[in-house]
Amino acid sequence: MKLPLGKTYQRYLFREVFFATLLVLAAFLALFGFFDLINELGDIGKGAYRIQHAIIFVTLTLPGRIYELMPIAVLIGSLFALSTLARHSEITVLRASGLSTRELLMTLFRVAALLSFLTFIIGEFLAPPSEKLGQRIRLQAQGTALSADFRTGLWVKDENRFINVRTVTPEAKLLGIRIYEFDDQQRLQMVS
């Protein structure tokens, strides 16, 4: 006699795989965040750049890390969840109750589709502005400013110099570079 499985098994499998993936992702983010913070320690002391700026910068780069790490986290999380279910004989019970391989795979594909959609949203809408804000905070705290919001191109401030790049080509060539150097009283000394 086959038991009617309904949607209960789907919710259960979905929850197990989803939370295992989140657990693996959290572990990866903690590890990579720690290494990124250690990497930032070398820049502490440049200008007004302090540990709190480094922590804010690393935190703002985490959405980009999520986008990079999500595929491997889904793979490891799914394997972990399925091996846990198999170890506790839960997959055997589901199969004996009438769950076909096709239904099991379709449930796993639904989880993968949801996680793919979340990864897309994070990668396209959350990570770019977050990383831009993190870079801006980092550069301002170090005494270097960067702006690409002008019609005259990209502007970079470095201590007493302003650098203007009119055009950046797709091949990463810089065209129309001008360097404006100022003295300590902010008087223009040289343009090159």
# chains A, B, ... in the order shown; residues from 1 in each chain; ligands from 1

$ residues_around --residues "Leu22 of chain A" --least-positions-apart "6" --cutoff "10 Å" --atoms "only C-alpha atoms" --output "number ranges by chain"
A: 28, 70, 73-74, 77

$ closest_atom_pairs --of "segment 58-144 of chain A" --to "segment 159-176 of chain A" --cutoff "12 Å" --atoms "only C-alpha atoms" --output "Markdown table"
| residue | atom | partner | partner_atom | distance |
| --- | --- | --- | --- | --- |
| A:Leu139 | CA | A:Glu159 | CA | 11.4 |
| A:Gln140 | CA | A:Glu159 | CA | 11.0 |
| A:Ala141 | CA | A:Glu159 | CA | 11.9 |
| A:Gln142 | CA | A:Glu159 | CA | 9.5 |
| A:Gly143 | CA | A:Glu159 | CA | 6.5 |
| A:Thr144 | CA | A:Glu159 | CA | 6.7 |

$ write_last_selection --atoms "N, CA, C and O atoms" --output "PDB file, in the first residue's frame"
ATOM      1  N   LEU A 139      37.978  54.385   0.043  1.00  0.00           N
ATOM      2  CA  LEU A 139      38.818  55.402  -0.590  1.00  0.00           C
ATOM      3  C   LEU A 139      38.759  56.731   0.146  1.00  0.00           C
ATOM      4  O   LEU A 139      39.779  57.407   0.303  1.00  0.00           O
ATOM      5  N   GLN A 140      37.577  57.131   0.587  1.00  0.00           N
ATOM      6  CA  GLN A 140      37.459  58.397   1.314  1.00  0.00           C
ATOM      7  C   GLN A 140      38.210  58.337   2.633  1.00  0.00           C
ATOM      8  O   GLN A 140      38.857  59.305   3.024  1.00  0.00           O
ATOM      9  N   ALA A 141      38.128  57.220   3.337  1.00  0.00           N
ATOM     10  CA  ALA A 141      38.830  57.097   4.612  1.00  0.00           C
ATOM     11  C   ALA A 141      40.347  57.088   4.416  1.00  0.00           C
ATOM     12  O   ALA A 141      41.086  57.553   5.282  1.00  0.00           O
ATOM     13  N   GLN A 142      40.812  56.600   3.286  1.00  0.00           N
ATOM     14  CA  GLN A 142      42.249  56.576   3.014  1.00  0.00           C
ATOM     15  C   GLN A 142      42.753  57.893   2.447  1.00  0.00           C
ATOM     16  O   GLN A 142      43.934  58.040   2.182  1.00  0.00           O
ATOM     17  N   GLY A 143      41.861  58.835   2.237  1.00  0.00           N
ATOM     18  CA  GLY A 143      42.279  60.123   1.694  1.00  0.00           C
ATOM     19  C   GLY A 143      42.327  60.146   0.186  1.00  0.00           C
ATOM     20  O   GLY A 143      42.864  61.052  -0.419  1.00  0.00           O
ATOM     21  N   THR A 144      41.764  59.139  -0.437  1.00  0.00           N
ATOM     22  CA  THR A 144      41.707  59.057  -1.890  1.00  0.00           C
ATOM     23  C   THR A 144      40.243  59.071  -2.276  1.00  0.00           C
ATOM     24  O   THR A 144      39.440  58.377  -1.682  1.00  0.00           O
TER      25      THR A 144
END

$ select_by_dssp --residues "segment 3-184 of chain A" --states "strand (DSSP E)" --output "count of residues only"
30

$ atom_distance --atom1 "atom CA of Tyr67 of chain A" --atom2 "atom CA of Ser116 of chain A"
9.8 Å

$ residues_around --residues "Arg65 of chain A" --least-positions-apart "2" --cutoff "10 Å" --atoms "only C-alpha atoms" --output "ChimeraX atom specification"
/A:25,28-29,32-33,58-63,67-70,122-123,127

$ write_last_selection --atoms "C-alpha atoms" --output "compact mmCIF listing (two decimals), in the first residue's frame"
# COMPACT_ATOMS: atom_id res chain seq x y z
CA LEU A 25 27.13 29.56 2.91
CA PHE A 28 32.10 30.17 3.77
CA LEU A 29 31.17 33.83 4.34
CA PHE A 32 36.22 34.56 3.45
CA GLY A 33 35.17 37.60 5.50
CA VAL A 58 34.33 43.83 4.31
CA THR A 59 30.66 43.75 5.32
CA LEU A 60 29.65 45.67 2.20
CA THR A 61 31.56 43.22 -0.01
CA LEU A 62 29.72 40.20 1.43
CA PRO A 63 26.85 40.32 -1.11
CA TYR A 67 27.12 35.71 -5.46
CA GLU A 68 30.51 34.00 -5.93
CA LEU A 69 30.05 31.30 -3.29
CA MET A 70 26.39 30.35 -3.74
CA ILE A 122 21.78 39.44 -5.04
CA GLY A 123 24.26 39.49 -7.93
CA ALA A 127 26.08 43.36 -4.76

$ residues_around --residues "Asp43 of chain A" --least-positions-apart "5" --cutoff "12 Å" --atoms "only C-alpha atoms" --output "JSON, numbers by chain"
{"A": [36, 37, 38, 48, 49, 50, 51, 53, 54, 57, 138, 139, 141, 142, 143]}

$ closest_residue --among "A:Leu154, A:Met190, A:Ile137, A:Leu114" --to "Gln52 of chain A" --atoms "only C-alpha atoms"
A:Ile137

$ select_by_dssp --residues "segment 114-170 of chain A" --states "alpha helix (DSSP H)" --output "ChimeraX atom specification"
/A:114-121,127-141

$ atom_distance --atom1 "atom CA of Phe80 of chain A" --atom2 "atom CA of Met106 of chain A"
18.2 Å

$ atom_distance --atom1 "atom CA of Leu23 of chain A" --atom2 "atom CA of Thr119 of chain A"
15.6 Å

$ residues_around --residues "Glu90 of chain A" --least-positions-apart "3" --cutoff "12 Å" --atoms "only C-alpha atoms" --output "NGL selection string"
:A and (9 or 12-13 or 16 or 81-87 or 93-97 or 99)

$ write_last_selection --atoms "all heavy atoms" --output "CSV table (one decimal), in the first residue's frame"
chain,number,residue,atom,x,y,z
A,9,TYR,N,6.3,16.0,2.1
A,9,TYR,CA,7.7,15.5,1.9
A,9,TYR,C,8.4,16.6,1.1
A,9,TYR,O,9.6,16.8,1.3
A,9,TYR,CB,7.7,14.2,1.1
A,9,TYR,CG,7.5,14.3,-0.4
A,9,TYR,CD1,8.5,14.5,-1.2
A,9,TYR,CD2,6.2,14.4,-0.9
A,9,TYR,CE1,8.3,14.6,-2.6
A,9,TYR,CE2,6.0,14.5,-2.2
A,9,TYR,CZ,7.1,14.6,-3.1
A,9,TYR,OH,6.9,14.8,-4.4
A,12,TYR,N,9.5,19.2,3.5
A,12,TYR,CA,10.5,18.7,4.4
A,12,TYR,C,11.9,18.7,3.6
A,12,TYR,O,12.9,19.2,4.1
A,12,TYR,CB,10.2,17.3,4.9
A,12,TYR,CG,11.2,16.7,5.7
A,12,TYR,CD1,11.5,17.2,7.0
A,12,TYR,CD2,12.0,15.6,5.3
A,12,TYR,CE1,12.4,16.7,7.8
A,12,TYR,CE2,12.9,15.0,6.2
A,12,TYR,CZ,13.1,15.6,7.4
A,12,TYR,OH,14.1,15.0,8.2
A,13,LEU,N,11.9,18.2,2.4
A,13,LEU,CA,13.1,18.1,1.6
A,13,LEU,C,13.6,19.5,1.3
A,13,LEU,O,14.8,19.8,1.4
A,13,LEU,CB,12.9,17.3,0.3
A,13,LEU,CG,12.8,15.8,0.4
A,13,LEU,CD1,12.4,15.2,-0.9
A,13,LEU,CD2,14.1,15.2,0.9
A,16,GLU,N,15.2,21.0,4.5
A,16,GLU,CA,16.5,20.4,4.8
A,16,GLU,C,17.6,20.9,3.9
A,16,GLU,O,18.7,21.3,4.3
A,16,GLU,CB,16.4,18.9,4.7
A,16,GLU,CG,15.5,18.3,5.8
A,16,GLU,CD,16.1,18.5,7.2
A,16,GLU,OE1,17.3,18.3,7.4
A,16,GLU,OE2,15.3,18.9,8.1
A,81,ALA,N,22.7,17.6,3.1
A,81,ALA,CA,21.3,17.3,3.4
A,81,ALA,C,20.9,15.9,3.0
A,81,ALA,O,20.3,15.2,3.8
A,81,ALA,CB,20.4,18.4,2.9
A,82,LEU,N,21.2,15.6,1.8
A,82,LEU,CA,20.8,14.3,1.2
A,82,LEU,C,21.6,13.2,2.0
A,82,LEU,O,21.0,12.1,2.2
A,82,LEU,CB,21.1,14.2,-0.3
A,82,LEU,CG,20.1,15.1,-1.1
A,82,LEU,CD1,20.5,15.1,-2.6
A,82,LEU,CD2,18.7,14.7,-0.9
A,83,SER,N,22.8,13.4,2.3
A,83,SER,CA,23.6,12.3,3.0
A,83,SER,C,23.0,12.2,4.4
A,83,SER,O,23.0,11.1,4.9
A,83,SER,CB,25.1,12.6,3.0
A,83,SER,OG,25.4,13.8,3.8
A,84,THR,N,22.6,13.3,5.0
A,84,THR,CA,22.0,13.2,6.4
A,84,THR,C,20.7,12.4,6.3
A,84,THR,O,20.4,11.6,7.2
A,84,THR,CB,21.8,14.6,7.0
A,84,THR,OG1,23.1,15.3,7.0
A,84,THR,CG2,21.2,14.5,8.4
A,85,LEU,N,19.9,12.8,5.3
A,85,LEU,CA,18.6,12.0,5.1
A,85,LEU,C,18.9,10.6,4.9
A,85,LEU,O,18.1,9.7,5.4
A,85,LEU,CB,17.8,12.7,4.0
A,85,LEU,CG,17.3,14.1,4.2
A,85,LEU,CD1,16.7,14.6,3.0
A,85,LEU,CD2,16.3,14.1,5.4
A,86,ALA,N,19.9,10.2,4.1
A,86,ALA,CA,20.2,8.8,3.8
A,86,ALA,C,20.7,8.1,5.0
A,86,ALA,O,20.3,7.0,5.3
A,86,ALA,CB,21.2,8.8,2.6
A,87,ARG,N,21.5,8.8,5.8
A,87,ARG,CA,22.1,8.2,7.0
A,87,ARG,C,21.0,7.8,8.0
A,87,ARG,O,21.1,6.8,8.7
A,87,ARG,CB,23.1,9.1,7.6
A,87,ARG,CG,23.9,8.5,8.8
A,87,ARG,CD,24.9,9.5,9.4
A,87,ARG,NE,24.3,10.8,9.5
A,87,ARG,CZ,24.9,11.9,9.5
A,87,ARG,NH1,26.2,11.9,9.3
A,87,ARG,NH2,24.3,13.0,9.6
A,93,VAL,N,12.6,5.5,3.6
A,93,VAL,CA,11.2,5.6,4.1
A,93,VAL,C,10.4,6.3,3.0
A,93,VAL,O,9.3,5.8,2.7
A,93,VAL,CB,11.1,6.3,5.5
A,93,VAL,CG1,9.6,6.5,5.8
A,93,VAL,CG2,11.8,5.4,6.5
A,94,LEU,N,10.9,7.4,2.5
A,94,LEU,CA,10.1,8.1,1.4
A,94,LEU,C,10.0,7.3,0.2
A,94,LEU,O,8.9,7.2,-0.4
A,94,LEU,CB,10.8,9.4,1.1
A,94,LEU,CG,10.7,10.5,2.2
A,94,LEU,CD1,11.6,11.7,1.8
A,94,LEU,CD2,9.3,11.0,2.3
A,95,ARG,N,11.0,6.6,-0.2
A,95,ARG,CA,11.0,5.7,-1.4
A,95,ARG,C,10.0,4.6,-1.2
A,95,ARG,O,9.2,4.2,-2.0
A,95,ARG,CB,12.3,5.2,-1.7
A,95,ARG,CG,13.4,6.2,-2.1
A,95,ARG,CD,13.3,6.7,-3.5
A,95,ARG,NE,13.6,5.6,-4.4
A,95,ARG,CZ,13.1,5.5,-5.6
A,95,ARG,NH1,12.3,6.4,-6.0
A,95,ARG,NH2,13.4,4.5,-6.3
A,96,ALA,N,10.0,4.0,0.0
A,96,ALA,CA,9.1,2.9,0.4
A,96,ALA,C,7.7,3.3,0.4
A,96,ALA,O,6.7,2.6,0.2
A,96,ALA,CB,9.5,2.2,1.7
A,97,SER,N,7.5,4.6,0.7
A,97,SER,CA,6.1,5.2,0.8
A,97,SER,C,5.6,5.6,-0.6
A,97,SER,O,4.5,6.1,-0.7
A,97,SER,CB,6.1,6.4,1.7
A,97,SER,OG,6.5,6.1,3.0
A,99,LEU,N,7.5,7.5,-3.1
A,99,LEU,CA,8.2,8.7,-3.7
A,99,LEU,C,9.1,8.1,-4.8
A,99,LEU,O,10.0,7.3,-4.6
A,99,LEU,CB,9.1,9.4,-2.7
A,99,LEU,CG,9.9,10.6,-3.2
A,99,LEU,CD1,8.9,11.7,-3.7
A,99,LEU,CD2,10.8,11.1,-2.2

$ closest_residue --among "A:Thr101, A:Val111, A:Leu79, A:Ile55" --to "Asn39 of chain A" --atoms "only C-alpha atoms"
A:Ile55
